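Printed here is query-v1.cif (mmCIF, C-alpha atoms):
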data_upload
#
loop_
_atom_site.label_atom_id
_atom_site.label_comp_id
_atom_site.auth_asym_id
_atom_site.auth_seq_id
_atom_site.Cartn_x
_atom_site.Cartn_y
_atom_site.Cartn_z
CA MET A 1 100.89 79.15 133.08
CA PRO A 2 100.03 82.79 132.32
CA THR A 3 97.79 83.32 129.30
CA VAL A 4 98.56 85.68 126.40
CA LEU A 5 95.99 88.18 125.13
CA VAL A 6 96.83 91.13 122.91
CA GLN A 7 93.23 92.10 122.12
CA SER A 8 90.04 90.77 123.62
CA ASP A 9 87.18 89.39 121.51
CA LEU A 10 83.85 88.95 123.30
CA PRO A 11 80.98 88.57 120.79
CA GLY A 12 77.67 89.64 122.24
CA LEU A 13 79.13 92.20 124.64
CA GLN A 14 79.25 95.85 123.60
CA LEU A 15 82.81 97.17 123.41
CA LEU A 16 82.75 100.64 124.93
CA HIS A 17 86.44 101.50 124.88
CA ARG A 18 89.74 100.00 123.82
CA GLY A 19 92.51 101.80 125.69
CA LYS A 20 96.25 101.52 125.82
CA VAL A 21 96.01 98.36 127.90
CA ARG A 22 92.37 97.75 128.92
CA ASP A 23 89.31 96.81 126.91
CA VAL A 24 86.00 97.83 128.50
CA TYR A 25 82.65 96.15 127.79
CA ALA A 26 79.10 96.92 128.89
CA VAL A 27 77.59 94.19 131.06
CA SER A 28 74.49 96.11 132.17
CA ALA A 29 73.41 99.67 132.85
CA ASP A 30 75.36 99.51 136.13
CA GLU A 31 78.28 97.18 135.40
CA LEU A 32 81.30 96.87 133.14
CA LEU A 33 83.69 94.07 132.27
CA ILE A 34 87.26 95.41 132.24
CA VAL A 35 89.87 93.23 130.54
CA ALA A 36 93.59 93.91 131.05
CA SER A 37 95.41 92.91 127.87
CA ASP A 38 99.12 92.23 127.45
CA ARG A 39 99.59 95.40 125.38
CA LEU A 40 102.48 97.59 126.48
CA SER A 41 102.44 101.38 126.30
CA ALA A 42 105.28 103.78 126.92
CA PHE A 43 105.30 107.55 126.55
CA ASP A 44 101.54 107.21 125.83
CA VAL A 45 102.19 105.08 122.72
CA VAL A 46 101.10 101.44 122.42
CA LEU A 47 104.12 99.43 121.35
CA PRO A 48 103.83 96.63 118.76
CA ASP A 49 105.15 93.89 121.07
CA PRO A 50 103.10 92.65 124.06
CA ILE A 51 104.41 91.41 127.40
CA PRO A 52 103.00 87.86 127.79
CA GLY A 53 100.99 87.50 131.00
CA LYS A 54 101.22 91.20 131.82
CA GLY A 55 97.46 91.73 131.93
CA GLU A 56 97.02 88.93 134.46
CA MET A 57 99.74 90.37 136.68
CA LEU A 58 98.28 93.89 136.45
CA CYS A 59 94.80 92.67 137.33
CA GLN A 60 95.96 90.55 140.26
CA ILE A 61 98.11 93.27 141.83
CA SER A 62 95.31 95.83 141.38
CA ASN A 63 92.82 93.50 143.07
CA PHE A 64 95.27 93.02 145.94
CA TRP A 65 95.58 96.78 146.48
CA PHE A 66 91.84 97.44 146.05
CA ALA A 67 91.16 94.99 148.87
CA LYS A 68 94.02 96.34 150.99
CA THR A 69 92.89 99.97 150.73
CA ALA A 70 89.09 99.58 150.82
CA HIS A 71 89.05 101.18 154.28
CA LEU A 72 90.56 104.35 152.79
CA MET A 73 88.46 104.74 149.64
CA PRO A 74 85.69 102.65 148.03
CA ASN A 75 86.64 101.10 144.69
CA HIS A 76 84.95 99.99 141.50
CA LEU A 77 84.91 96.22 142.16
CA THR A 78 81.49 94.54 142.40
CA GLY A 79 82.65 91.11 143.55
CA ARG A 80 80.77 89.38 140.72
CA SER A 81 82.62 86.53 139.01
CA VAL A 82 84.03 87.14 135.55
CA GLU A 83 82.84 83.73 134.34
CA ALA A 84 79.23 84.71 135.08
CA VAL A 85 79.24 87.52 132.49
CA LEU A 86 81.35 86.01 129.69
CA PRO A 87 79.52 85.12 126.47
CA ALA A 88 78.86 81.45 125.79
CA GLY A 89 81.71 79.71 124.02
CA VAL A 90 84.46 82.03 125.31
CA ASP A 91 87.40 80.32 127.00
CA ALA A 92 87.02 81.54 130.60
CA ARG A 93 90.62 80.61 131.40
CA LEU A 94 91.83 83.35 129.06
CA TYR A 95 89.89 86.05 130.93
CA ALA A 96 89.51 84.84 134.53
CA ARG A 97 92.73 86.29 135.98
CA ARG A 98 92.91 89.42 133.82
CA SER A 99 89.35 90.74 134.12
CA VAL A 100 86.99 92.24 136.69
CA VAL A 101 83.31 93.10 136.81
CA ALA A 102 83.23 96.73 137.89
CA LYS A 103 80.76 99.45 138.77
CA ARG A 104 79.87 101.70 135.86
CA LEU A 105 81.16 105.10 136.97
CA LYS A 106 81.68 108.53 135.43
CA ALA A 107 85.45 108.85 135.12
CA LEU A 108 87.01 112.13 136.21
CA PRO A 109 89.17 113.71 133.46
CA VAL A 110 92.39 113.62 135.50
CA GLU A 111 95.33 111.40 136.35
CA ALA A 112 95.77 111.70 140.13
CA ILE A 113 99.50 111.37 140.79
CA ALA A 114 101.28 111.07 144.12
CA ARG A 115 105.04 111.63 144.18
CA GLY A 116 107.26 110.64 147.06
CA TYR A 117 110.53 110.97 145.16
CA LEU A 118 111.80 113.39 142.53
CA ILE A 119 111.97 111.46 139.25
CA GLY A 120 110.52 111.39 135.72
CA SER A 121 108.62 114.44 134.48
CA GLY A 122 108.66 115.85 138.02
CA TRP A 123 112.46 115.88 138.00
CA LYS A 124 112.46 117.59 134.60
CA ASP A 125 110.02 120.26 135.81
CA TYR A 126 112.03 120.81 138.99
CA GLN A 127 115.27 121.27 137.02
CA SER A 128 113.71 123.99 134.88
CA SER A 129 111.59 125.82 137.47
CA GLY A 130 112.21 124.48 140.98
CA GLN A 131 108.55 123.47 141.02
CA VAL A 132 106.38 120.46 140.19
CA CYS A 133 102.81 121.25 139.11
CA GLY A 134 103.05 124.66 140.74
CA ILE A 135 104.39 123.28 144.02
CA ARG A 136 107.61 125.01 145.07
CA LEU A 137 110.16 122.48 146.35
CA PRO A 138 113.34 123.06 148.39
CA ALA A 139 116.42 124.06 146.41
CA GLY A 140 119.25 121.61 145.83
CA LEU A 141 117.27 118.40 145.50
CA ARG A 142 118.87 115.68 143.40
CA GLN A 143 117.41 113.16 140.98
CA ALA A 144 115.50 110.36 142.78
CA GLU A 145 115.76 112.14 146.13
CA GLN A 146 112.93 111.54 148.58
CA LEU A 147 110.71 114.59 149.01
CA PRO A 148 110.15 116.09 152.48
CA GLN A 149 106.57 114.83 152.13
CA ALA A 150 104.56 113.24 149.34
CA ILE A 151 102.94 115.70 146.95
CA PHE A 152 99.83 115.55 144.78
CA THR A 153 100.57 116.46 141.16
CA PRO A 154 97.60 115.92 138.83
CA SER A 155 97.83 115.66 135.07
CA THR A 156 95.42 115.72 132.17
CA LYS A 157 94.11 112.45 130.77
CA ALA A 158 95.37 112.38 127.21
CA ALA A 159 93.60 110.67 124.34
CA LEU A 160 95.26 107.58 122.86
CA GLY A 161 98.47 108.67 121.12
CA SER A 162 98.69 112.00 122.95
CA HIS A 163 100.75 112.89 126.01
CA ASP A 164 99.46 113.67 129.50
CA GLU A 165 100.41 117.12 130.80
CA ASN A 166 101.07 118.11 134.40
CA VAL A 167 98.63 120.72 135.73
CA SER A 168 98.31 122.71 138.93
CA PHE A 169 95.79 122.00 141.67
CA ASP A 170 94.01 125.24 140.76
CA ALA A 171 93.61 123.95 137.21
CA LEU A 172 92.11 120.74 138.60
CA VAL A 173 89.66 122.76 140.70
CA ALA A 174 88.63 124.64 137.56
CA THR A 175 88.00 121.32 135.80
CA ILE A 176 86.12 119.23 138.39
CA GLY A 177 85.25 121.66 141.18
CA ALA A 178 86.82 122.40 144.54
CA ASP A 179 85.05 119.70 146.56
CA LEU A 180 85.89 116.82 144.23
CA ALA A 181 89.42 118.10 143.71
CA GLU A 182 90.05 118.11 147.45
CA GLN A 183 88.57 114.62 147.84
CA VAL A 184 90.80 113.32 145.05
CA ARG A 185 93.90 114.92 146.56
CA GLU A 186 93.20 113.56 150.04
CA ALA A 187 92.46 110.04 148.76
CA THR A 188 95.50 109.99 146.48
CA LEU A 189 97.91 110.93 149.25
CA ALA A 190 96.28 108.68 151.85
CA ILE A 191 96.44 105.63 149.58
CA TYR A 192 100.00 106.42 148.54
CA ARG A 193 101.21 106.78 152.12
CA PHE A 194 99.52 103.52 153.16
CA ALA A 195 100.89 101.60 150.15
CA ALA A 196 104.39 103.07 150.50
CA ALA A 197 104.55 101.87 154.11
CA HIS A 198 103.38 98.37 153.11
CA ALA A 199 105.87 98.20 150.23
CA ALA A 200 108.78 99.45 152.35
CA GLN A 201 108.28 96.49 154.70
CA ARG A 202 108.84 94.27 151.66
CA GLY A 203 111.95 96.02 150.39
CA ILE A 204 110.30 98.15 147.70
CA LEU A 205 110.13 101.94 147.45
CA ILE A 206 107.12 103.37 145.61
CA ALA A 207 108.60 106.44 143.97
CA ASP A 208 105.33 107.64 142.50
CA THR A 209 102.00 106.31 141.32
CA LYS A 210 98.86 107.47 139.57
CA PHE A 211 95.20 106.74 140.24
CA GLU A 212 91.97 107.23 138.38
CA PHE A 213 88.72 108.17 140.07
CA GLY A 214 85.07 108.18 139.10
CA THR A 215 81.70 109.07 140.58
CA ASP A 216 78.41 107.21 140.71
CA ALA A 217 74.98 108.68 140.00
CA ALA A 218 74.84 110.10 143.53
CA GLY A 219 78.22 111.83 143.15
CA LYS A 220 80.07 109.41 145.47
CA LEU A 221 83.79 109.12 144.68
CA TYR A 222 85.48 105.79 143.90
CA VAL A 223 89.00 104.81 142.91
CA MET A 224 88.86 102.81 139.67
CA ASP A 225 90.66 101.30 136.67
CA GLU A 226 93.96 100.03 138.16
CA MET A 227 95.84 100.58 141.39
CA LEU A 228 99.54 100.59 142.25
CA THR A 229 100.62 98.40 139.34
CA PRO A 230 103.98 98.33 137.54
CA ASP A 231 102.20 100.18 134.69
CA SER A 232 101.00 103.03 136.90
CA SER A 233 103.86 103.26 139.40
CA ARG A 234 107.61 103.31 139.81
CA PHE A 235 108.75 100.49 142.11
CA TRP A 236 112.38 100.60 143.23
CA PRO A 237 114.23 97.83 145.09
CA ALA A 238 115.25 99.49 148.36
CA ASP A 239 118.63 97.77 148.45
CA GLU A 240 119.60 99.23 145.06
CA TYR A 241 118.25 102.74 145.59
CA ARG A 242 120.75 105.56 145.13
CA VAL A 243 120.21 109.31 145.00
CA GLY A 244 121.48 111.01 141.87
CA ILE A 245 120.56 108.30 139.35
CA SER A 246 117.40 106.77 137.91
CA PRO A 247 117.29 103.64 140.08
CA PRO A 248 116.59 100.15 138.69
CA SER A 249 112.91 99.30 138.96
CA TYR A 250 110.28 96.58 138.95
CA ASP A 251 108.14 98.38 136.40
CA LYS A 252 108.09 99.48 132.78
CA GLN A 253 110.78 102.07 133.45
CA PHE A 254 113.06 99.29 132.17
CA VAL A 255 111.32 99.62 128.78
CA ARG A 256 111.36 103.42 128.93
CA ASP A 257 115.11 103.39 129.57
CA TYR A 258 115.63 101.16 126.52
CA LEU A 259 113.44 103.41 124.34
CA GLU A 260 115.40 106.48 125.44
CA THR A 261 118.46 104.97 123.72
CA LEU A 262 116.65 104.95 120.35
CA ASP A 263 116.23 107.65 117.74
CA TRP A 264 112.45 107.76 118.25
CA ASN A 265 110.29 110.86 118.62
CA LYS A 266 107.87 109.18 121.08
CA THR A 267 104.93 109.29 118.69
CA ALA A 268 103.09 106.40 117.03
CA PRO A 269 104.01 104.00 115.61
CA GLY A 270 106.20 102.75 118.43
CA PRO A 271 109.37 100.74 117.78
CA HIS A 272 109.70 96.99 118.29
CA VAL A 273 111.19 95.93 121.61
CA PRO A 274 113.86 93.18 121.63
CA ALA A 275 112.86 89.79 123.03
CA GLN A 276 115.35 90.07 125.89
CA VAL A 277 113.81 93.39 127.02
CA ILE A 278 110.32 91.85 126.88
CA ALA A 279 111.43 88.83 128.92
CA ALA A 280 113.23 90.97 131.49
CA THR A 281 110.21 93.28 131.82
CA ALA A 282 107.85 90.33 132.37
CA ALA A 283 110.22 89.04 135.07
CA LYS A 284 110.19 92.44 136.80
CA TYR A 285 106.38 92.53 136.83
CA ALA A 286 106.33 89.02 138.29
CA GLN A 287 108.84 89.98 140.98
CA ALA A 288 106.76 93.02 141.95
CA LEU A 289 103.61 90.89 142.21
CA GLN A 290 105.34 88.29 144.36
CA ARG A 291 107.11 90.74 146.67
CA LEU A 292 104.22 93.15 147.18
CA ALA A 293 101.26 90.77 147.20
CA GLY A 294 102.78 87.33 147.74
CA ILE A 295 101.16 86.14 144.48
CA THR A 296 102.86 83.91 141.90
CA LEU A 297 101.03 83.09 138.66
CA ASP A 298 101.96 79.52 137.70
#

Go ahead and render the structure in this file as structure tokens.
Amino acid sequence: MPTVLVQSDLPGLQLLHRGKVRDVYAVSADELLIVASDRLSAFDVVLPDPIPGKGEMLCQISNFWFAKTAHLMPNHLTGRSVEAVLPAGVDARLYARRSVVAKRLKALPVEAIARGYLIGSGWKDYQSSGQVCGIRLPAGLRQAEQLPQAIFTPSTKAALGSHDENVSFDALVATIGADLAEQVREATLAIYRFAAAHAAQRGILIADTKFEFGTDAAGKLYVMDEMLTPDSSRFWPADEYRVGISPPSYDKQFVRDYLETLDWNKTAPGPHVPAQVIAATAAKYAQALQRLAGITLD
């Protein structure tokens, strides 16, 4: 059965960061322990109700994609067992499937987003300007329409409780330099194209996704944090996809759609989510994990 963990507690390990979903601990000067909790965030706000087992599903699908795309871009995984670094007395079963031992990297201050379809904030930008992150798109595109080719649309990495903002590629160059910016763009699009082709064979369209990258002491680039999860991507069932609407999805768009019906200003504190929405969201995550990676968490 999936475990439930809202907030990790690992006495003896230094907590470096508690994010919207992940808790990060120092293992050594070169390694981190990253724990995916069951916390749920939407519109950059952590909601009060967790999704039981979500952290395990996120970790397992990320690990699947990290292995699948290692030929395209090195990633942060070390291969060390989680049990080997847990403090004495901690129940390893609670952490084994939701944690990884990762390289300690310098995170780049950007969300690297690939878009293959016109939806979400990209659709809103296109409606107002005909562009997404400074990229001019053909006129007359409709909501959820597939783009002529995938585009790279970076955004800022907002602090907890703040909102990410789309930026142009030139703005990214100004932030991290031309060489790194180009490496990030190339890796983002290469991984997206590879993953989209894999998912399409399994009846899922990846509308968009975001990656995080970091560098080691030598300046080498790695993809890190999470990869192609229901938290960081929009997964659409191909047989239910329609242009002109926001398609049903295997990700937390289901929660976002519910929240859009509320009188909430999308700032903390977030509203409670009904039990039926939580259960349906957990089922969608489980379906995505099974269909994309062939993994079922019993």

**Message:** Running the PyMOL selection byres ((chain A and resi 122-126) around 12) on this model by hand, what would come out? Give it as a PyMOL selection string.
**Reply:** chain A and resi 113-121+127-147+151-155+165-167+207-208+244-246

Selected residues, C-alpha atoms, written as a compact mmCIF listing (two decimals), in the frame of the given file, please.
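What ended up in result.txt:
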# COMPACT_ATOMS: atom_id res chain seq x y z
CA ILE A 113 99.50 111.37 140.79
CA ALA A 114 101.28 111.07 144.12
CA ARG A 115 105.04 111.63 144.18
CA GLY A 116 107.26 110.64 147.06
CA TYR A 117 110.53 110.97 145.16
CA LEU A 118 111.80 113.39 142.53
CA ILE A 119 111.97 111.46 139.25
CA GLY A 120 110.52 111.39 135.72
CA SER A 121 108.62 114.44 134.48
CA GLN A 127 115.27 121.27 137.02
CA SER A 128 113.71 123.99 134.88
CA SER A 129 111.59 125.82 137.47
CA GLY A 130 112.21 124.48 140.98
CA GLN A 131 108.55 123.47 141.02
CA VAL A 132 106.38 120.46 140.19
CA CYS A 133 102.81 121.25 139.11
CA GLY A 134 103.05 124.66 140.74
CA ILE A 135 104.39 123.28 144.02
CA ARG A 136 107.61 125.01 145.07
CA LEU A 137 110.16 122.48 146.35
CA PRO A 138 113.34 123.06 148.39
CA ALA A 139 116.42 124.06 146.41
CA GLY A 140 119.25 121.61 145.83
CA LEU A 141 117.27 118.40 145.50
CA ARG A 142 118.87 115.68 143.40
CA GLN A 143 117.41 113.16 140.98
CA ALA A 144 115.50 110.36 142.78
CA GLU A 145 115.76 112.14 146.13
CA GLN A 146 112.93 111.54 148.58
CA LEU A 147 110.71 114.59 149.01
CA ILE A 151 102.94 115.70 146.95
CA PHE A 152 99.83 115.55 144.78
CA THR A 153 100.57 116.46 141.16
CA PRO A 154 97.60 115.92 138.83
CA SER A 155 97.83 115.66 135.07
CA GLU A 165 100.41 117.12 130.80
CA ASN A 166 101.07 118.11 134.40
CA VAL A 167 98.63 120.72 135.73
CA ALA A 207 108.60 106.44 143.97
CA ASP A 208 105.33 107.64 142.50
CA GLY A 244 121.48 111.01 141.87
CA ILE A 245 120.56 108.30 139.35
CA SER A 246 117.40 106.77 137.91

**Request:** Name the residues in contact with Gly270 (chain A) at a cut-off of 9 Å, using only C-alpha atoms, excluding same-chain residues fewer than 5 positions from it; report them as a list in words.
**Result:** Ser41, Ala42, Val45, Val46, Leu47, Pro48 and Trp264 of chain A

**Request:** Name the closest residue to Thr69 (chain A) among the candidates A:His198, A:Lys157, A:Lys103, A:Arg22; distances are taken between atoms, counting all atoms listed in the file.
**Result:** A:His198

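A straight line drawn from CA of Ile34 (chain A) to CA of Cys59 (chain A) is 9.5 Å long.
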
**Message:** Assuming the chain letters and numbering stay as they are in my file, what does the PyMOL selection byres ((chain A and resi 287) around 12) actually select? List them as a VMD selection string.
**Reply:** chain A and resid 54 57 61 202 to 204 229 to 230 235 to 237 249 to 251 280 to 286 288 to 297

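Of the residues under consideration (A:Leu108, A:Leu189, A:Leu94, A:Val173), A:Leu108 shows the shortest atom-to-atom contact distance to Gly219 (chain A) when counting only C-alpha atoms.
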
**Request:** Would you translate the PyMOL selection byres ((chain A and resi 182) around 12) into the concrete set of residues it matches in this file, as a PyMOL selection string?
**Result:** chain A and resi 112+152+154+169-170+172-174+176-181+183-189+221

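Among the candidates A:Tyr25, A:Phe43, A:Leu13, A:Leu5, the residue lying nearest to Pro269 (chain A) is A:Phe43 (atoms considered: all atoms listed in the file).
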
Axis-aligned box for all listed atoms of region 213-232 of chain A, 4 Å per side, centre and edges in Å to one decimal, as JSON:
{"center_x": 89.4, "center_y": 105.1, "center_z": 140.1, "size_x": 37.1, "size_y": 21.5, "size_z": 18.8}

**Fill in**
What separates CA of Val35 (chain A) and CA of Glu226 (chain A) is a distance of 11.0 Å

**Prompt:** What gap, in Å, lies between CA of Val255 (chain A) and CA of Asp44 (chain A)?
**Reply:** 12.7 Å

**Item:** Expected answer as a ChimeraX atom specification: all residues with atoms within 10 Å of (89.1, 85.8, 131.1), all atoms listed in the file
**Value:** /A:3,5,8,10,33-36,56,82-83,86,90-100

Okay, now the selection with C-alpha atoms, as a compact mmCIF listing (two decimals), in the frame of the given file?
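Once written, out_29.txt looks like this:
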# COMPACT_ATOMS: atom_id res chain seq x y z
CA THR A 3 97.79 83.32 129.30
CA LEU A 5 95.99 88.18 125.13
CA SER A 8 90.04 90.77 123.62
CA LEU A 10 83.85 88.95 123.30
CA LEU A 33 83.69 94.07 132.27
CA ILE A 34 87.26 95.41 132.24
CA VAL A 35 89.87 93.23 130.54
CA ALA A 36 93.59 93.91 131.05
CA GLU A 56 97.02 88.93 134.46
CA VAL A 82 84.03 87.14 135.55
CA GLU A 83 82.84 83.73 134.34
CA LEU A 86 81.35 86.01 129.69
CA VAL A 90 84.46 82.03 125.31
CA ASP A 91 87.40 80.32 127.00
CA ALA A 92 87.02 81.54 130.60
CA ARG A 93 90.62 80.61 131.40
CA LEU A 94 91.83 83.35 129.06
CA TYR A 95 89.89 86.05 130.93
CA ALA A 96 89.51 84.84 134.53
CA ARG A 97 92.73 86.29 135.98
CA ARG A 98 92.91 89.42 133.82
CA SER A 99 89.35 90.74 134.12
CA VAL A 100 86.99 92.24 136.69

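Every protein, DNA or RNA residue with an atom at most 12 Å from Leu262 (chain A), where all atoms listed in the file count and chain neighbours fewer than 5 positions away do not, is listed here: Val255, Arg256, Asp257, Gly270, Pro271, His272 and Val273 of chain A.
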
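Between Tyr222 (chain A) and the candidates A:Leu72, A:Met1, A:Ile206, A:Ala238, the tightest atom-to-atom separation, counting all atoms listed in the file, involves A:Leu72.
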
**Request:** Name the closest residue to Ala107 (chain A) among the candidates A:Phe194, A:Tyr241, A:Phe254, A:Phe211; distances are taken between atoms, counting only C-alpha atoms.
**Result:** A:Phe211

Any chance you could model N, CA and C atoms for region 54-80 of chain A and send them as a compact mmCIF listing (two decimals), in the frame of the given file?
# COMPACT_ATOMS: atom_id res chain seq x y z
N LYS A 54 101.22 89.91 131.12
CA LYS A 54 101.22 91.20 131.82
C LYS A 54 99.83 91.58 132.33
N GLY A 55 98.81 91.36 131.53
CA GLY A 55 97.46 91.73 131.93
C GLY A 55 97.01 90.98 133.18
N GLU A 56 97.37 89.71 133.27
CA GLU A 56 97.02 88.93 134.46
C GLU A 56 97.71 89.50 135.69
N MET A 57 98.99 89.83 135.54
CA MET A 57 99.74 90.37 136.68
C MET A 57 99.19 91.73 137.11
N LEU A 58 98.85 92.58 136.13
CA LEU A 58 98.28 93.89 136.45
C LEU A 58 96.96 93.74 137.20
N CYS A 59 96.10 92.85 136.72
CA CYS A 59 94.80 92.67 137.33
C CYS A 59 94.94 92.13 138.75
N GLN A 60 95.82 91.16 138.94
CA GLN A 60 95.96 90.55 140.26
C GLN A 60 96.56 91.52 141.28
N ILE A 61 97.53 92.33 140.87
CA ILE A 61 98.11 93.27 141.83
C ILE A 61 97.12 94.40 142.13
N SER A 62 96.34 94.83 141.12
CA SER A 62 95.31 95.83 141.38
C SER A 62 94.29 95.31 142.37
N ASN A 63 93.82 94.08 142.17
CA ASN A 63 92.82 93.50 143.07
C ASN A 63 93.36 93.41 144.50
N PHE A 64 94.65 93.06 144.62
CA PHE A 64 95.27 93.02 145.94
C PHE A 64 95.20 94.38 146.62
N TRP A 65 95.57 95.44 145.90
CA TRP A 65 95.58 96.78 146.48
C TRP A 65 94.17 97.31 146.74
N PHE A 66 93.22 97.00 145.81
CA PHE A 66 91.84 97.44 146.05
C PHE A 66 91.33 96.88 147.37
N ALA A 67 91.60 95.60 147.61
CA ALA A 67 91.16 94.99 148.87
C ALA A 67 91.89 95.60 150.07
N LYS A 68 93.18 95.86 149.90
CA LYS A 68 94.02 96.34 150.99
C LYS A 68 93.66 97.77 151.39
N THR A 69 93.13 98.55 150.45
CA THR A 69 92.89 99.97 150.73
C THR A 69 91.40 100.32 150.79
N ALA A 70 90.54 99.32 150.84
CA ALA A 70 89.09 99.58 150.82
C ALA A 70 88.64 100.42 152.02
N HIS A 71 89.42 100.37 153.11
CA HIS A 71 89.05 101.18 154.28
C HIS A 71 89.37 102.66 154.07
N LEU A 72 90.19 102.96 153.07
CA LEU A 72 90.56 104.35 152.79
C LEU A 72 89.66 105.00 151.74
N MET A 73 89.26 104.21 150.74
CA MET A 73 88.46 104.74 149.64
C MET A 73 87.71 103.59 148.97
N PRO A 74 86.41 103.70 148.75
CA PRO A 74 85.69 102.65 148.03
C PRO A 74 86.21 102.53 146.60
N ASN A 75 86.13 101.33 146.04
CA ASN A 75 86.64 101.10 144.69
C ASN A 75 85.56 100.54 143.78
N HIS A 76 85.94 100.33 142.54
CA HIS A 76 84.95 99.99 141.50
C HIS A 76 84.57 98.51 141.46
N LEU A 77 85.19 97.65 142.25
CA LEU A 77 84.91 96.22 142.16
C LEU A 77 83.51 95.90 142.68
N THR A 78 82.83 94.98 141.99
CA THR A 78 81.49 94.54 142.40
C THR A 78 81.54 93.22 143.15
N GLY A 79 82.58 92.44 142.94
CA GLY A 79 82.65 91.11 143.55
C GLY A 79 82.02 90.03 142.70
N ARG A 80 81.36 90.38 141.61
CA ARG A 80 80.77 89.38 140.72
C ARG A 80 81.86 88.62 139.98
